[in-house]
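Pasted below: target-v6.tsv, TSV, C-alpha atoms.
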chain	number	residue	atom	x	y	z
A	24	MET	CA	0.31	18.67	5.78
A	25	ASP	CA	2.91	16.73	7.72
A	26	VAL	CA	3.25	13.15	6.53
A	27	LEU	CA	3.22	11.51	9.98
A	28	GLU	CA	0.14	13.56	10.93
A	29	ALA	CA	-1.58	12.70	7.65
A	30	ILE	CA	-0.94	9.00	8.24
A	31	LYS	CA	-2.48	9.13	11.72
A	32	GLN	CA	-5.33	11.53	11.00
A	33	ARG	CA	-6.57	9.95	7.77
A	34	ARG	CA	-9.86	8.15	8.36
A	35	SER	CA	-11.84	5.96	5.99
A	36	ILE	CA	-14.69	8.19	4.81
A	37	ARG	CA	-17.84	6.52	3.53
A	38	GLN	CA	-20.28	9.45	3.35
A	39	PHE	CA	-19.64	12.31	0.97
A	40	THR	CA	-21.17	15.68	0.05
A	41	GLU	CA	-22.27	16.23	-3.54
A	42	GLN	CA	-19.40	18.64	-4.25
A	43	ALA	CA	-17.38	17.68	-7.32
A	44	ILE	CA	-13.59	17.42	-7.21
A	45	LYS	CA	-11.65	19.82	-9.43
A	46	ARG	CA	-9.58	18.19	-12.12
A	47	GLU	CA	-6.46	19.86	-10.73
A	48	LEU	CA	-6.90	18.06	-7.40
A	49	LEU	CA	-7.49	14.73	-9.12
A	50	GLU	CA	-4.28	15.29	-11.09
A	51	GLN	CA	-2.32	15.86	-7.89
A	52	ILE	CA	-3.77	12.68	-6.43
A	53	LEU	CA	-2.97	10.66	-9.56
A	54	ASP	CA	0.53	12.08	-9.62
A	55	ALA	CA	0.98	10.86	-6.04
A	56	ALA	CA	-0.19	7.40	-7.16
A	57	ARG	CA	2.32	7.43	-9.99
A	58	TRP	CA	5.22	8.01	-7.59
A	59	ALA	CA	4.48	4.85	-5.65
A	60	PRO	CA	7.20	2.23	-6.02
A	61	THR	CA	6.48	-0.86	-8.12
A	62	ALA	CA	8.29	-4.19	-8.37
A	63	GLY	CA	11.14	-3.67	-10.85
A	64	ASN	CA	9.62	-0.25	-11.68
A	65	GLN	CA	7.16	-2.11	-13.92
A	66	GLN	CA	4.37	0.44	-13.31
A	67	ARG	CA	1.66	-1.95	-14.39
A	68	TRP	CA	-1.05	-0.02	-12.56
A	69	ARG	CA	-3.69	1.80	-14.57
A	70	PHE	CA	-6.20	4.23	-13.06
A	71	ILE	CA	-9.76	4.69	-14.26
A	72	VAL	CA	-11.24	7.88	-12.83
A	73	VAL	CA	-15.00	7.45	-12.77
A	74	THR	CA	-17.01	10.65	-12.41
A	75	ASP	CA	-19.86	10.05	-14.91
A	76	PRO	CA	-23.02	9.76	-12.73
A	77	THR	CA	-24.48	6.84	-14.71
A	78	VAL	CA	-21.26	4.86	-14.66
A	79	LYS	CA	-20.80	5.61	-10.95
A	80	GLU	CA	-24.26	4.23	-10.17
A	81	MET	CA	-23.62	1.11	-12.23
A	82	VAL	CA	-20.35	0.44	-10.38
A	83	ARG	CA	-21.89	1.12	-6.98
A	84	LYS	CA	-24.73	-1.32	-7.60
A	85	VAL	CA	-22.26	-4.19	-7.99
A	86	SER	CA	-20.03	-3.05	-5.11
A	87	PRO	CA	-21.18	-4.00	-1.59
A	88	GLY	CA	-17.95	-2.38	-0.33
A	89	ILE	CA	-19.12	1.06	-1.47
A	90	PHE	CA	-21.75	2.49	0.86
A	91	ALA	CA	-22.68	5.79	-0.81
A	92	THR	CA	-21.94	7.45	-4.11
A	93	PRO	CA	-18.79	9.56	-3.91
A	94	ALA	CA	-17.72	12.39	-6.23
A	95	ALA	CA	-15.33	9.98	-7.93
A	96	PHE	CA	-14.03	6.43	-7.88
A	97	ILE	CA	-10.51	5.56	-8.87
A	98	VAL	CA	-10.49	1.98	-10.08
A	99	ILE	CA	-6.91	0.78	-9.75
A	100	CYS	CA	-6.21	-1.89	-12.33
A	101	ALA	CA	-3.15	-3.97	-13.16
A	102	GLU	CA	-2.38	-4.53	-16.83
A	103	ALA	CA	-0.70	-7.92	-16.74
A	104	ALA	CA	2.36	-8.75	-18.82
A	105	PRO	CA	1.50	-11.37	-21.50
A	106	ASP	CA	3.59	-13.99	-19.68
A	107	ALA	CA	2.57	-12.99	-16.14
A	108	SER	CA	2.93	-15.75	-13.57
A	109	ASP	CA	0.94	-16.15	-10.34
A	110	TRP	CA	3.85	-14.50	-8.60
A	111	ASP	CA	3.66	-11.51	-10.97
A	112	GLU	CA	-0.07	-11.22	-10.28
A	113	TRP	CA	0.73	-11.18	-6.58
A	114	THR	CA	3.22	-8.34	-7.04
A	115	TYR	CA	0.67	-6.39	-9.11
A	116	LEU	CA	-1.79	-6.45	-6.23
A	117	ALA	CA	0.89	-5.29	-3.78
A	118	ASP	CA	1.90	-2.49	-6.17
A	119	CYS	CA	-1.72	-1.36	-6.59
A	120	ALA	CA	-2.26	-1.35	-2.81
A	121	VAL	CA	0.86	0.77	-2.26
A	122	ALA	CA	-0.44	3.26	-4.86
A	123	ALA	CA	-3.86	3.20	-3.15
A	124	GLN	CA	-2.28	4.41	0.08
A	125	ASN	CA	-0.59	7.28	-1.76
A	126	ILE	CA	-4.00	8.18	-3.21
A	127	MET	CA	-5.65	8.14	0.22
A	128	LEU	CA	-2.90	10.19	1.87
A	129	ALA	CA	-2.79	12.74	-0.96
A	130	ALA	CA	-6.59	13.03	-0.83
A	131	HIS	CA	-6.49	13.64	2.90
A	132	ALA	CA	-3.82	16.32	2.47
A	133	LEU	CA	-6.06	18.04	-0.10
A	134	GLY	CA	-9.12	18.07	2.18
A	135	LEU	CA	-10.81	15.06	0.61
A	136	GLY	CA	-12.07	11.84	2.15
A	137	SER	CA	-11.48	8.40	0.70
A	138	CYS	CA	-12.05	4.73	1.35
A	139	VAL	CA	-10.56	1.69	-0.29
A	140	ALA	CA	-13.10	-0.92	-1.39
A	141	ILE	CA	-12.21	-4.51	-2.14
A	142	SER	CA	-15.69	-5.93	-2.13
A	143	TYR	CA	-17.15	-5.59	-5.62
A	144	ALA	CA	-18.16	-7.92	-8.44
A	145	ARG	CA	-15.02	-8.02	-10.57
A	146	ALA	CA	-16.63	-9.40	-13.72
A	147	ALA	CA	-19.36	-6.76	-13.63
A	148	VAL	CA	-16.90	-3.91	-13.04
A	149	GLN	CA	-14.80	-5.28	-15.88
A	150	GLU	CA	-17.79	-5.16	-18.21
A	151	ILE	CA	-19.12	-1.74	-17.11
A	152	LEU	CA	-15.72	-0.10	-17.59
A	153	ASP	CA	-14.74	-1.98	-20.79
A	154	ILE	CA	-11.71	-3.43	-19.05
A	155	PRO	CA	-9.93	-5.98	-21.27
A	156	ASP	CA	-9.26	-9.56	-20.16
A	157	GLN	CA	-5.58	-9.16	-19.29
A	158	VAL	CA	-6.37	-6.24	-16.98
A	159	ASN	CA	-7.56	-6.80	-13.41
A	160	PRO	CA	-9.50	-4.21	-11.41
A	161	GLU	CA	-7.54	-4.78	-8.19
A	162	LEU	CA	-8.94	-2.14	-5.84
A	163	ILE	CA	-11.39	0.77	-5.90
A	164	VAL	CA	-10.74	3.99	-3.98
A	165	THR	CA	-13.69	6.31	-3.44
A	166	LEU	CA	-13.05	10.06	-3.25
A	167	GLY	CA	-15.14	13.04	-2.21
A	168	TYR	CA	-15.61	15.82	0.29
A	169	PRO	CA	-16.39	14.24	3.68
A	170	ALA	CA	-19.94	14.34	5.02
A	171	GLU	CA	-18.88	12.64	8.25
A	172	ASP	CA	-16.09	12.96	10.80
A	173	PRO	CA	-15.64	9.46	12.23
A	174	ALA	CA	-13.69	8.82	15.43
A	175	PRO	CA	-10.48	6.82	15.00
A	176	PRO	CA	-11.33	3.11	15.06
A	177	PRO	CA	-9.50	1.11	17.74
A	178	ARG	CA	-6.00	-0.07	16.90
A	179	LEU	CA	-4.09	-2.96	18.48
A	180	PRO	CA	-1.20	-1.79	20.69
A	181	LEU	CA	2.30	-2.21	19.26
A	182	SER	CA	3.06	-4.72	22.06
A	183	GLN	CA	0.56	-7.09	20.46
A	184	ILE	CA	1.61	-6.79	16.83
A	185	VAL	CA	5.37	-6.10	16.88
A	186	PHE	CA	8.02	-8.73	17.58
A	187	ALA	CA	11.83	-8.61	17.78
A	188	ASP	CA	13.93	-10.85	15.54
A	189	ARG	CA	11.56	-13.81	15.85
A	190	TYR	CA	7.81	-14.27	15.83
A	191	ARG	CA	6.24	-13.85	19.28
A	192	LYS	CA	9.51	-12.55	20.78
A	193	GLU	CA	8.75	-9.39	22.75
A	194	TRP	CA	9.96	-6.21	21.12
B	24	MET	CA	7.74	16.93	6.01
B	25	ASP	CA	4.85	17.63	3.67
B	26	VAL	CA	3.00	14.49	2.64
B	27	LEU	CA	2.86	15.28	-1.10
B	28	GLU	CA	6.57	16.09	-1.11
B	29	ALA	CA	7.38	12.93	0.84
B	30	ILE	CA	5.43	10.84	-1.67
B	31	LYS	CA	7.35	12.31	-4.59
B	32	GLN	CA	10.79	12.52	-3.01
B	33	ARG	CA	10.88	9.05	-1.46
B	34	ARG	CA	13.25	6.81	-3.41
B	35	SER	CA	13.88	3.11	-2.99
B	36	ILE	CA	17.21	2.93	-1.12
B	37	ARG	CA	19.26	-0.24	-1.42
B	38	GLN	CA	22.61	0.83	0.07
B	39	PHE	CA	22.83	1.80	3.71
B	40	THR	CA	25.40	3.10	6.18
B	41	GLU	CA	26.16	1.03	9.27
B	42	GLN	CA	24.40	3.48	11.57
B	43	ALA	CA	21.80	1.82	13.78
B	44	ILE	CA	18.24	3.18	14.02
B	45	LYS	CA	17.12	4.39	17.45
B	46	ARG	CA	14.25	2.48	18.98
B	47	GLU	CA	12.25	5.70	19.21
B	48	LEU	CA	12.37	6.14	15.42
B	49	LEU	CA	11.38	2.52	14.82
B	50	GLU	CA	8.43	3.05	17.16
B	51	GLN	CA	7.28	6.05	15.15
B	52	ILE	CA	7.54	4.02	11.95
B	53	LEU	CA	5.63	1.08	13.44
B	54	ASP	CA	2.99	3.44	14.77
B	55	ALA	CA	2.56	4.78	11.22
B	56	ALA	CA	2.13	1.18	10.00
B	57	ARG	CA	-0.52	0.56	12.66
B	58	TRP	CA	-2.62	3.50	11.41
B	59	ALA	CA	-2.92	2.03	7.92
B	60	PRO	CA	-6.47	0.98	7.09
B	61	THR	CA	-7.30	-2.74	6.93
B	62	ALA	CA	-10.28	-4.58	5.46
B	63	GLY	CA	-13.00	-4.52	8.14
B	64	ASN	CA	-10.38	-3.10	10.57
B	65	GLN	CA	-9.15	-6.68	11.01
B	66	GLN	CA	-5.54	-5.57	11.62
B	67	ARG	CA	-4.15	-8.98	10.78
B	68	TRP	CA	-0.68	-7.59	10.06
B	69	ARG	CA	2.19	-8.46	12.39
B	70	PHE	CA	5.62	-6.81	12.20
B	71	ILE	CA	8.89	-8.56	12.98
B	72	VAL	CA	11.66	-6.01	13.45
B	73	VAL	CA	14.94	-7.76	12.66
B	74	THR	CA	18.07	-6.02	13.95
B	75	ASP	CA	20.10	-8.98	15.26
B	76	PRO	CA	23.14	-9.19	12.91
B	77	THR	CA	23.08	-13.00	12.67
B	78	VAL	CA	19.37	-13.15	11.92
B	79	LYS	CA	19.73	-10.31	9.40
B	80	GLU	CA	22.46	-12.21	7.54
B	81	MET	CA	20.38	-15.39	7.49
B	82	VAL	CA	17.39	-13.55	6.03
B	83	ARG	CA	19.51	-11.72	3.49
B	84	LYS	CA	21.06	-14.96	2.23
B	85	VAL	CA	17.64	-16.27	1.20
B	86	SER	CA	16.42	-12.94	-0.19
B	87	PRO	CA	17.55	-12.06	-3.73
B	88	GLY	CA	15.41	-8.91	-3.41
B	89	ILE	CA	17.67	-7.53	-0.66
B	90	PHE	CA	20.94	-6.20	-2.08
B	91	ALA	CA	22.84	-5.11	1.03
B	92	THR	CA	22.38	-5.52	4.76
B	93	PRO	CA	20.35	-2.64	6.19
B	94	ALA	CA	20.17	-1.51	9.83
B	95	ALA	CA	16.84	-3.28	10.13
B	96	PHE	CA	14.28	-5.31	8.25
B	97	ILE	CA	10.60	-5.15	9.01
B	98	VAL	CA	9.02	-8.42	7.96
B	99	ILE	CA	5.33	-7.69	7.47
B	100	CYS	CA	3.31	-10.83	8.12
B	101	ALA	CA	-0.38	-11.61	7.99
B	102	GLU	CA	-1.77	-13.81	10.75
B	103	ALA	CA	-4.62	-15.55	8.96
B	104	ALA	CA	-7.99	-16.15	10.57
B	105	PRO	CA	-8.57	-19.91	11.14
B	106	ASP	CA	-11.26	-19.96	8.45
B	107	ALA	CA	-9.50	-17.60	6.01
B	108	SER	CA	-10.58	-17.98	2.38
B	109	ASP	CA	-8.49	-17.22	-0.71
B	110	TRP	CA	-10.27	-13.88	-0.79
B	111	ASP	CA	-9.24	-13.14	2.80
B	112	GLU	CA	-5.63	-14.00	1.93
B	113	TRP	CA	-5.87	-11.55	-0.94
B	114	THR	CA	-7.10	-8.80	1.36
B	115	TYR	CA	-4.28	-9.57	3.83
B	116	LEU	CA	-1.69	-8.92	1.14
B	117	ALA	CA	-3.36	-5.62	0.16
B	118	ASP	CA	-3.50	-4.57	3.84
B	119	CYS	CA	0.19	-5.42	4.34
B	120	ALA	CA	1.18	-3.46	1.22
B	121	VAL	CA	-0.77	-0.40	2.38
B	122	ALA	CA	1.04	-0.59	5.75
B	123	ALA	CA	4.36	-0.98	3.88
B	124	GLN	CA	3.81	2.34	2.17
B	125	ASN	CA	3.14	4.02	5.52
B	126	ILE	CA	6.41	2.52	6.76
B	127	MET	CA	8.35	3.80	3.73
B	128	LEU	CA	6.86	7.31	3.91
B	129	ALA	CA	7.39	7.58	7.69
B	130	ALA	CA	10.97	6.37	7.26
B	131	HIS	CA	11.60	8.98	4.59
B	132	ALA	CA	10.16	11.73	6.81
B	133	LEU	CA	12.54	10.63	9.59
B	134	GLY	CA	15.63	10.74	7.36
B	135	LEU	CA	15.81	7.01	6.70
B	136	GLY	CA	15.90	5.09	3.46
B	137	SER	CA	13.83	2.00	2.74
B	138	CYS	CA	13.00	-0.50	0.05
B	139	VAL	CA	10.25	-3.07	-0.15
B	140	ALA	CA	11.40	-6.57	-1.07
B	141	ILE	CA	9.09	-9.24	-2.40
B	142	SER	CA	11.73	-11.62	-3.69
B	143	TYR	CA	12.74	-13.95	-0.85
B	144	ALA	CA	12.38	-17.62	-0.03
B	145	ARG	CA	9.21	-17.68	2.04
B	146	ALA	CA	9.72	-21.10	3.60
B	147	ALA	CA	13.26	-20.21	4.68
B	148	VAL	CA	12.20	-16.85	6.15
B	149	GLN	CA	9.38	-18.64	7.93
B	150	GLU	CA	11.85	-21.07	9.53
B	151	ILE	CA	14.53	-18.48	10.40
B	152	LEU	CA	12.02	-16.24	12.16
B	153	ASP	CA	9.98	-19.04	13.82
B	154	ILE	CA	6.87	-17.92	11.98
B	155	PRO	CA	3.96	-20.34	12.54
B	156	ASP	CA	2.12	-22.04	9.69
B	157	GLN	CA	-0.98	-19.82	9.68
B	158	VAL	CA	1.17	-16.68	9.38
B	159	ASN	CA	2.51	-15.51	6.01
B	160	PRO	CA	5.54	-13.26	5.62
B	161	GLU	CA	3.95	-11.06	2.93
B	162	LEU	CA	6.57	-8.36	2.37
B	163	ILE	CA	9.92	-7.24	3.75
B	164	VAL	CA	10.83	-3.58	4.12
B	165	THR	CA	14.50	-2.74	4.63
B	166	LEU	CA	15.40	0.33	6.69
B	167	GLY	CA	18.60	2.26	7.28
B	168	TYR	CA	20.44	5.52	6.79
B	169	PRO	CA	20.97	6.00	3.02
B	170	ALA	CA	24.43	5.46	1.54
B	171	GLU	CA	23.21	6.48	-1.91
B	172	ASP	CA	21.10	9.25	-3.44
B	173	PRO	CA	19.53	7.73	-6.53
B	174	ALA	CA	17.92	9.83	-9.25
B	175	PRO	CA	14.17	9.39	-9.64
B	176	PRO	CA	13.49	6.41	-11.89
B	177	PRO	CA	11.39	7.23	-14.96
B	178	ARG	CA	7.62	7.26	-14.52
B	179	LEU	CA	4.97	6.82	-17.18
B	180	PRO	CA	3.07	10.04	-17.95
B	181	LEU	CA	-0.46	10.29	-16.60
B	182	SER	CA	-1.78	10.37	-20.18
B	183	GLN	CA	-0.63	6.76	-20.56
B	184	ILE	CA	-1.95	5.31	-17.30
B	185	VAL	CA	-5.10	7.32	-16.49
B	186	PHE	CA	-8.46	6.85	-18.21
B	187	ALA	CA	-11.84	8.55	-17.83
B	188	ASP	CA	-14.93	6.46	-17.00
B	189	ARG	CA	-13.87	3.58	-19.27
B	190	TYR	CA	-10.63	1.76	-19.99
B	191	ARG	CA	-8.59	3.43	-22.75
B	192	LYS	CA	-10.87	6.49	-22.79
B	193	GLU	CA	-8.70	9.59	-22.67
B	194	TRP	CA	-8.77	11.46	-19.38
Please render this file's structure as structure tokens.
Amino acid sequence: MDVLEAIKQRRSIRQFTEQAIKRELLEQILDAARWAPTAGNQQRWRFIVVTDPTVKEMVRKVSPGIFATPAAFIVICAEAAPDASDWDEWTYLADCAVAAQNIMLAAHALGLGSCVAISYARAAVQEILDIPDQVNPELIVTLGYPAEDPAPPPRLPLSQIVFADRYRKEW
Amino acid sequence: MDVLEAIKQRRSIRQFTEQAIKRELLEQILDAARWAPTAGNQQRWRFIVVTDPTVKEMVRKVSPGIFATPAAFIVICAEAAPDASDWDEWTYLADCAVAAQNIMLAAHALGLGSCVAISYARAAVQEILDIPDQVNPELIVTLGYPAEDPAPPPRLPLSQIVFADRYRKEW
């Protein structure tokens, strides 16, 4: 699938069929995540692939940002360096978000739907998934075969969000 | 260009030729940015396309993360809601990083190189580009025709960064 088409056609999918995702497809998606750039090539992201039905339900119950149970969640975590500063933590989040977009685009190319969730109880997710203290669950991406085909949500025109050389200067 | 190939073949490019980028290509790249998902479809990102040579030099001088002057910078900003919480600010950064990856993949598909920079003096960039107080320059993406062809940097194997259902549980 063409990359520019994938970028435009990808929709956030929140309703999924019960069909499981083959391990081979998950591997391709995780490989795409791994090729995302990271600050200083630190690669501090870690990916927990949750497919166990009980664990999925436990995560969903503490995640208002997840509307239905998908075939899998990928919980994107950042394993902080021992001396990580606030600035480092900030770069970890950016790195995890960049990897999340690779996951969503790869999923779309493979016929899967996905949605990134940021609204979940971090402490509870940390406990459910045995995530150690120095590791932060930064984002959750849901994955599954789509059970809906949503219309593209409205987007602001470029004239309203793009400027030339200075803020507010027409592009 | 195939999306999975683009994801794997994209490299961070830090040396550029002097060739300018046609407006039409920049529009395609910005359109790709605009189709990135945002929390609650808030679309709080704003994109300043810097091509003016004087402005580019000023930005570069305060940006240790930018190694050579590219044909263009895209400064990805977040225009905060008046009542934005720390949590909102956190989602703005994630949304900007997701859009940055769309920019980098679209650039690669169009024959351009790019690199995301996070190391720059925010206050100085804010002043140079007349960015108002409630707007944060979250990330800078450089763009230009590549003057280098770097080898892929090493990546951690999936066995080291992917877990199943719980942290540290082998996938």
Kindly provide the residues of stretch 134-193 of chain B that approach stretch 82-92 of chain B to within 10 Å, each paired with its closest atom pair and their distance in Å to one decimal, based on all atoms listed in the file, listed by chain and increasing number, as a tab-separated table.
residue	atom	partner	partner_atom	distance
B:Cys138	CA	B:Ile89	CA	8.5
B:Val139	CA	B:Gly88	CA	8.4
B:Ala140	CA	B:Gly88	CA	5.2
B:Ile141	CA	B:Gly88	CA	6.4
B:Ser142	CA	B:Gly88	CA	4.6
B:Tyr143	CA	B:Ser86	CA	3.9
B:Ala144	CA	B:Val85	CA	5.6
B:Arg145	CA	B:Val85	CA	8.6
B:Ala146	CA	B:Val85	CA	9.6
B:Ala147	CA	B:Val85	CA	6.8
B:Val148	CA	B:Val82	CA	6.2
B:Gln149	CA	B:Val82	CA	9.7
B:Glu150	CA	B:Val82	CA	10.0
B:Ile151	CA	B:Val82	CA	7.2
B:Leu152	CA	B:Val82	CA	8.6
B:Ile163	CA	B:Ile89	CA	8.9
B:Val164	CA	B:Ile89	CA	9.2
B:Thr165	CA	B:Ile89	CA	7.8
B:Leu166	CA	B:Thr92	CA	9.3
B:Gly167	CA	B:Thr92	CA	9.0
**Study point:** Neighbours of chain B in chain A at 6 Å, counting only C-alpha atoms, as a VMD selection string
**Key:** chain A and resid 24 to 26 31 58 69 to 73 117 120 to 121 124 152 to 154 184 to 190
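For the pair atom CA of B:Glu47 and atom CA of B:Leu135, the interatomic distance is 13.1 Å.
Here atom CA of B:Glu41 is placed at a distance of 9.1 Å from atom CA of B:Ala170.
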Exercise for review: Skip A:Asp106 itself and residues of its chain fewer than 5 positions away, then list as a VMD selection string all residues within 12 Å of it, counting only C-alpha atoms.
Suggested key: chain A and resid 111 to 112 157
Grab the residues selected above and save them as a PDB file, keeping the file's coordinate frame with C-alpha atoms.
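Saved to selection-v9.pdb:
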ATOM      1  CA  ASP A 111       3.660 -11.510 -10.970  1.00  0.00           C
ATOM      2  CA  GLU A 112      -0.070 -11.220 -10.280  1.00  0.00           C
ATOM      3  CA  GLN A 157      -5.580  -9.160 -19.290  1.00  0.00           C
TER       4      GLN A 157
END
